[in-house]
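Peer 1: One structure, as structure tokens, below. Some questions next.
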Amino acid sequence: MANRSILRTALLLTAVMTIRPNARAEVQPCNESDHSDPTVETASSIRTDRLSKSQLKAWESILRIVLAKDDLGRPVHPKLFALYQQVATSGRAIFLELSTQRATMRAAGLCRIERDNEGEPKEMVLIQLNLGMIDRAIASDATRRADGLIPFAGLRKKERYAEVLGHELAHVVRLLTNPDYRGLYWERQTLADTGSQDTQVIGRLTLLIEKPAEVAETEIWRELAAGREPKM
């Protein structure tokens, strides 16, 4: 089966495209009326409008990992938690889509800029998690990246989802805060959307775009691996 890197590269040609070991994880209760809480879905936070009831349930299970805190109220996964907070409180509409299809060649995750042309044109950001592809991904030396990370190694199902989410959140944070990065992203996305066959340019842009997200993903993987409860 093709590894995650191959799937991500294939997608680019057709669409766009700290650690507290053994901490006991728990999610602090949220107040539905407190709009500063990132778990409250508003027009200026991560939007779940496009999710079905079953998908929303899966998303909530991922959030429990993202927002987990130890007995002292500290995030179990600080990097992942911080990225989520930045996106969820950005004041921008970030739409979420989940897919459980397994018989596809989609990448494990996708971040994409969308335009709403109804009325005054607006730009929105889409995060897509392909849970079926994440479930199928094999963690082995064959999928080891140049930075040494073997994606998903040693992680359980929902932790895998959280790793991919962290990667995509890292993209979103840079899209919202770094105009130069946003320009690179637009350029690659435009080439992909127009069916460009210039793999050299797309590859160069991909390296520049993916490197910061892969650095963040490596840190998140370490947090997820270290923050797990030991098996009895």
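By order of appearance in the structure tokens: chains A, B, ..., then residues from 1 within every chain, and ligands from 1 in the order shown.
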Write out as an MDAnalysis selection string the set of residues from region 44-158 of chain A that DSSP, computed on the backbone, places in strand (DSSP E or B).
Peer 2: chainID A and resid 46:47 68:69 75 94:99 109:116 122:130
Peer 1: Compile the contact shell of region 134-139 of chain A as number ranges by chain: residues with an atom at most 6 Å away, counting only C-alpha atoms, same-chain residues fewer than 5 positions apart removed.
Peer 2: A: 108, 152-153
Peer 1: Hey, could you make a per-residue contact list for region 156-227 of chain A against region 143-150 of chain A with 10 Å as the cut-off, showing the nearest pair of atoms and its distance in Å to one decimal, counting only C-alpha atoms, sorted by chain and number, as JSON lines?
Peer 2:
```
{"residue": "A:Lys211", "atom": "CA", "partner": "A:Asp147", "partner_atom": "CA", "distance": 9.8}
{"residue": "A:Glu214", "atom": "CA", "partner": "A:Asp147", "partner_atom": "CA", "distance": 8.6}
{"residue": "A:Val215", "atom": "CA", "partner": "A:Asp147", "partner_atom": "CA", "distance": 8.4}
{"residue": "A:Glu217", "atom": "CA", "partner": "A:Leu149", "partner_atom": "CA", "distance": 9.0}
{"residue": "A:Thr218", "atom": "CA", "partner": "A:Leu149", "partner_atom": "CA", "distance": 6.4}
{"residue": "A:Glu219", "atom": "CA", "partner": "A:Leu149", "partner_atom": "CA", "distance": 9.8}
{"residue": "A:Trp221", "atom": "CA", "partner": "A:Leu149", "partner_atom": "CA", "distance": 8.5}
{"residue": "A:Arg222", "atom": "CA", "partner": "A:Leu149", "partner_atom": "CA", "distance": 9.6}
```
Peer 1: Mind writing the picked residues with N, CA and C atoms as a compact mmCIF listing (two decimals), in the first residue's frame?
Peer 2:
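Writing the result to again.txt gives the following:
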```txt
# COMPACT_ATOMS: atom_id res chain seq x y z
N LYS A 211 7.27 21.71 5.14
CA LYS A 211 8.29 21.61 6.17
C LYS A 211 7.82 22.11 7.54
N GLU A 214 5.37 19.64 9.03
CA GLU A 214 6.00 18.37 9.43
C GLU A 214 6.79 18.54 10.73
N VAL A 215 7.41 19.70 10.91
CA VAL A 215 8.11 19.97 12.17
C VAL A 215 7.10 19.94 13.33
N GLU A 217 4.18 18.44 13.33
CA GLU A 217 3.65 17.08 13.46
C GLU A 217 4.59 16.18 14.26
N THR A 218 5.89 16.34 14.05
CA THR A 218 6.86 15.53 14.80
C THR A 218 6.75 15.83 16.29
N GLU A 219 6.62 17.10 16.64
CA GLU A 219 6.48 17.47 18.05
C GLU A 219 5.18 16.92 18.62
N TRP A 221 3.52 14.26 17.53
CA TRP A 221 3.65 12.81 17.68
C TRP A 221 4.35 12.47 18.99
N ARG A 222 5.41 13.20 19.31
CA ARG A 222 6.12 12.95 20.58
C ARG A 222 5.21 13.18 21.78
```
Peer 1: Would you work out the distance separating CA of Leu224 (chain A) from CA of Lys79 (chain A), expressed in Å to one decimal?
Peer 2: 10.1 Å
Peer 1: Between CA of Thr48 (chain A) and CA of Arg115 (chain A), what is the distance in Å, rounded to a tenth?
Peer 2: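 Between CA of Thr48 (chain A) and CA of Arg115 (chain A) the gap works out to 17.6 Å.
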Peer 1: Please return, as a PyMOL selection string, all residues of region 42-202 of chain A that DSSP assigns to alpha helix (DSSP H) on the basis of the backbone.
Peer 2: chain A and resi 53-66+78-88+131-136+157-177+179-193+199-202
Peer 1: Mind checking which residues fall within 8 Å of Leu155 (chain A), counting only C-alpha atoms, ignoring those fewer than 4 positions away in the same chain, and posting them as a short mmCIF file (atom, residue, chain, number, x, y, z; two decimals) with N, CA and C atoms, in the first residue's frame?
Peer 2:
```cif
data_model
loop_
_atom_site.label_atom_id
_atom_site.label_comp_id
_atom_site.auth_asym_id
_atom_site.auth_seq_id
_atom_site.Cartn_x
_atom_site.Cartn_y
_atom_site.Cartn_z
N GLU A 159 -5.55 8.74 18.39
CA GLU A 159 -4.29 9.50 18.45
C GLU A 159 -3.73 9.74 17.05
N ARG A 160 -3.92 8.78 16.17
CA ARG A 160 -3.52 8.97 14.77
C ARG A 160 -4.30 10.14 14.17
N LEU A 224 1.90 12.93 21.83
CA LEU A 224 0.89 11.87 21.86
C LEU A 224 1.48 10.57 22.38
N ALA A 225 2.70 10.25 21.95
CA ALA A 225 3.36 9.02 22.40
C ALA A 225 3.71 9.09 23.88
#
```
Peer 1: Looking at only C-alpha atoms, which of A:Arg204, A:Arg112, A:Arg156, A:Arg47 is the one that sits closest to Arg182 (chain A)?
Peer 2: A:Arg112
Peer 1: Using only C-alpha atoms, which protein or nucleic acid residues come within 9 Å of Gln55 (chain A)? Drop anything in the same chain fewer than 2 positions from it, and give the result as a PyMOL selection string.
Peer 2: chain A and resi 51-53+57-60+97-100
Peer 1: Kindly save the residues from that selection, with N, CA and C atoms included, as a PDB file, in the first residue's frame.
Peer 2:
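As a result, result05.pdb now contains:
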```pdb
ATOM      1  N   LEU A  51     -20.602  18.290   9.072  1.00  0.00           N
ATOM      2  CA  LEU A  51     -20.466  16.943   9.622  1.00  0.00           C
ATOM      3  C   LEU A  51     -21.826  16.307   9.874  1.00  0.00           C
ATOM      4  N   SER A  52     -21.917  15.019   9.590  1.00  0.00           N
ATOM      5  CA  SER A  52     -23.102  14.256   9.966  1.00  0.00           C
ATOM      6  C   SER A  52     -23.047  13.969  11.465  1.00  0.00           C
ATOM      7  N   LYS A  53     -24.112  13.376  11.983  1.00  0.00           N
ATOM      8  CA  LYS A  53     -24.142  13.061  13.414  1.00  0.00           C
ATOM      9  C   LYS A  53     -23.035  12.088  13.791  1.00  0.00           C
ATOM     10  N   LYS A  57     -19.681  12.853  16.187  1.00  0.00           N
ATOM     11  CA  LYS A  57     -19.274  12.009  17.313  1.00  0.00           C
ATOM     12  C   LYS A  57     -17.786  11.672  17.222  1.00  0.00           C
ATOM     13  N   ALA A  58     -17.317  11.356  16.007  1.00  0.00           N
ATOM     14  CA  ALA A  58     -15.892  11.070  15.817  1.00  0.00           C
ATOM     15  C   ALA A  58     -15.050  12.306  16.125  1.00  0.00           C
ATOM     16  N   TRP A  59     -15.518  13.466  15.686  1.00  0.00           N
ATOM     17  CA  TRP A  59     -14.799  14.711  15.956  1.00  0.00           C
ATOM     18  C   TRP A  59     -14.695  14.981  17.458  1.00  0.00           C
ATOM     19  N   GLU A  60     -15.765  14.748  18.164  1.00  0.00           N
ATOM     20  CA  GLU A  60     -15.753  14.972  19.614  1.00  0.00           C
ATOM     21  C   GLU A  60     -14.748  14.052  20.302  1.00  0.00           C
ATOM     22  N   GLU A  97     -14.251  18.963   7.555  1.00  0.00           N
ATOM     23  CA  GLU A  97     -14.890  17.834   6.895  1.00  0.00           C
ATOM     24  C   GLU A  97     -14.173  16.557   7.305  1.00  0.00           C
ATOM     25  N   LEU A  98     -14.944  15.494   7.502  1.00  0.00           N
ATOM     26  CA  LEU A  98     -14.392  14.181   7.822  1.00  0.00           C
ATOM     27  C   LEU A  98     -14.882  13.184   6.787  1.00  0.00           C
ATOM     28  N   SER A  99     -14.018  12.233   6.454  1.00  0.00           N
ATOM     29  CA  SER A  99     -14.409  11.153   5.549  1.00  0.00           C
ATOM     30  C   SER A  99     -13.955   9.830   6.151  1.00  0.00           C
ATOM     31  N   THR A 100     -14.830   8.836   6.080  1.00  0.00           N
ATOM     32  CA  THR A 100     -14.476   7.505   6.572  1.00  0.00           C
ATOM     33  C   THR A 100     -14.260   6.528   5.418  1.00  0.00           C
TER      34      THR A 100
END
```
Peer 1: If we count only C-alpha atoms, what is near Cys111 (chain A) at a cut-off of 10 Å, once residues fewer than 4 positions away on the same chain are taken out, given as a tab-separated table (two decimals) with C-alpha atoms, in the first residue's frame?
Peer 2:
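That gives us part34.tsv:
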```tsv
chain	number	residue	atom	x	y	z
A	16	VAL	CA	-4.51	20.75	-3.33
A	17	MET	CA	-3.86	20.75	-2.20
A	94	ILE	CA	-12.50	27.29	9.51
A	95	PHE	CA	-14.67	24.53	8.08
A	96	LEU	CA	-14.14	20.90	9.00
A	125	VAL	CA	-10.21	27.64	5.07
A	126	LEU	CA	-11.12	23.96	4.90
A	127	ILE	CA	-9.59	21.21	7.01
A	128	GLN	CA	-10.34	17.70	5.82
A	129	LEU	CA	-9.45	14.56	7.75
A	165	LEU	CA	-5.24	17.19	12.71
A	167	HIS	CA	-0.40	18.78	10.92
A	168	GLU	CA	-3.33	20.52	9.24
A	169	LEU	CA	-3.75	23.01	12.09
A	170	ALA	CA	-0.11	23.99	11.63
A	171	HIS	CA	-0.92	24.83	8.00
A	172	VAL	CA	-3.93	26.90	9.04
A	175	LEU	CA	-2.10	30.67	6.46
A	185	TYR	CA	-0.08	28.04	-0.66
```
Peer 1: Kindly indicate which residue among A:Ser45, A:Thr190, A:Gln86, A:Asn130 lies nearest to Ile202 (chain A), using only C-alpha atoms for the distances.
Peer 2: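 Under the stated criterion, the closest residue is A:Thr190.
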Peer 1: With only C-alpha atoms as the counted atoms, please give the residues lying no more than 12 Å from Gly183 (chain A), apart from itself and same-chain residues fewer than 4 positions off, as a PyMOL selection string.
Peer 2: chain A and resi 113+174-179+187-190+205+208-209
Peer 1: Would you mind exporting N, CA and C atoms of the selected residues as a PDB file, in the first residue's frame?
Peer 2:
```pdb
ATOM      1  N   ILE A 113      -7.759  26.463   0.815  1.00  0.00           N
ATOM      2  CA  ILE A 113      -8.418  27.764   0.845  1.00  0.00           C
ATOM      3  C   ILE A 113      -9.618  27.704  -0.087  1.00  0.00           C
ATOM      4  N   ARG A 174      -0.316  29.142   9.936  1.00  0.00           N
ATOM      5  CA  ARG A 174       0.561  29.900   9.045  1.00  0.00           C
ATOM      6  C   ARG A 174      -0.221  30.625   7.956  1.00  0.00           C
ATOM      7  N   LEU A 175      -1.274  30.008   7.456  1.00  0.00           N
ATOM      8  CA  LEU A 175      -2.097  30.674   6.457  1.00  0.00           C
ATOM      9  C   LEU A 175      -2.718  31.956   7.011  1.00  0.00           C
ATOM     10  N   LEU A 176      -3.085  31.922   8.284  1.00  0.00           N
ATOM     11  CA  LEU A 176      -3.755  33.065   8.905  1.00  0.00           C
ATOM     12  C   LEU A 176      -2.788  34.137   9.394  1.00  0.00           C
ATOM     13  N   THR A 177      -1.521  33.786   9.580  1.00  0.00           N
ATOM     14  CA  THR A 177      -0.590  34.728  10.203  1.00  0.00           C
ATOM     15  C   THR A 177       0.601  35.120   9.345  1.00  0.00           C
ATOM     16  N   ASN A 178       0.839  34.392   8.239  1.00  0.00           N
ATOM     17  CA  ASN A 178       2.043  34.626   7.444  1.00  0.00           C
ATOM     18  C   ASN A 178       1.656  34.849   5.974  1.00  0.00           C
ATOM     19  N   PRO A 179       1.636  36.117   5.518  1.00  0.00           N
ATOM     20  CA  PRO A 179       1.233  36.407   4.131  1.00  0.00           C
ATOM     21  C   PRO A 179       2.116  35.715   3.093  1.00  0.00           C
ATOM     22  N   GLU A 187      -0.328  29.713  -4.654  1.00  0.00           N
ATOM     23  CA  GLU A 187       0.338  29.363  -5.902  1.00  0.00           C
ATOM     24  C   GLU A 187       0.245  27.866  -6.166  1.00  0.00           C
ATOM     25  N   ARG A 188       0.533  27.055  -5.141  1.00  0.00           N
ATOM     26  CA  ARG A 188       0.463  25.602  -5.335  1.00  0.00           C
ATOM     27  C   ARG A 188      -0.968  25.150  -5.590  1.00  0.00           C
ATOM     28  N   GLN A 189      -1.905  25.714  -4.849  1.00  0.00           N
ATOM     29  CA  GLN A 189      -3.295  25.312  -5.011  1.00  0.00           C
ATOM     30  C   GLN A 189      -3.807  25.670  -6.407  1.00  0.00           C
ATOM     31  N   THR A 190      -3.425  26.833  -6.916  1.00  0.00           N
ATOM     32  CA  THR A 190      -3.836  27.253  -8.256  1.00  0.00           C
ATOM     33  C   THR A 190      -3.269  26.318  -9.324  1.00  0.00           C
ATOM     34  N   LEU A 205       7.347  24.034  -4.251  1.00  0.00           N
ATOM     35  CA  LEU A 205       6.389  24.700  -3.377  1.00  0.00           C
ATOM     36  C   LEU A 205       5.984  23.785  -2.224  1.00  0.00           C
ATOM     37  N   LEU A 208       8.507  23.752   0.610  1.00  0.00           N
ATOM     38  CA  LEU A 208       8.449  24.974   1.404  1.00  0.00           C
ATOM     39  C   LEU A 208       7.206  24.999   2.295  1.00  0.00           C
ATOM     40  N   ILE A 209       6.107  24.495   1.767  1.00  0.00           N
ATOM     41  CA  ILE A 209       4.837  24.529   2.497  1.00  0.00           C
ATOM     42  C   ILE A 209       4.777  23.457   3.586  1.00  0.00           C
TER      43      ILE A 209
END
```
Peer 1: Rounded to one decimal in Å, what is the spacing between CA of Gly73 (chain A) and CA of Tyr161 (chain A)?
Peer 2: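 That distance, rounded to one decimal, is 23.1 Å.
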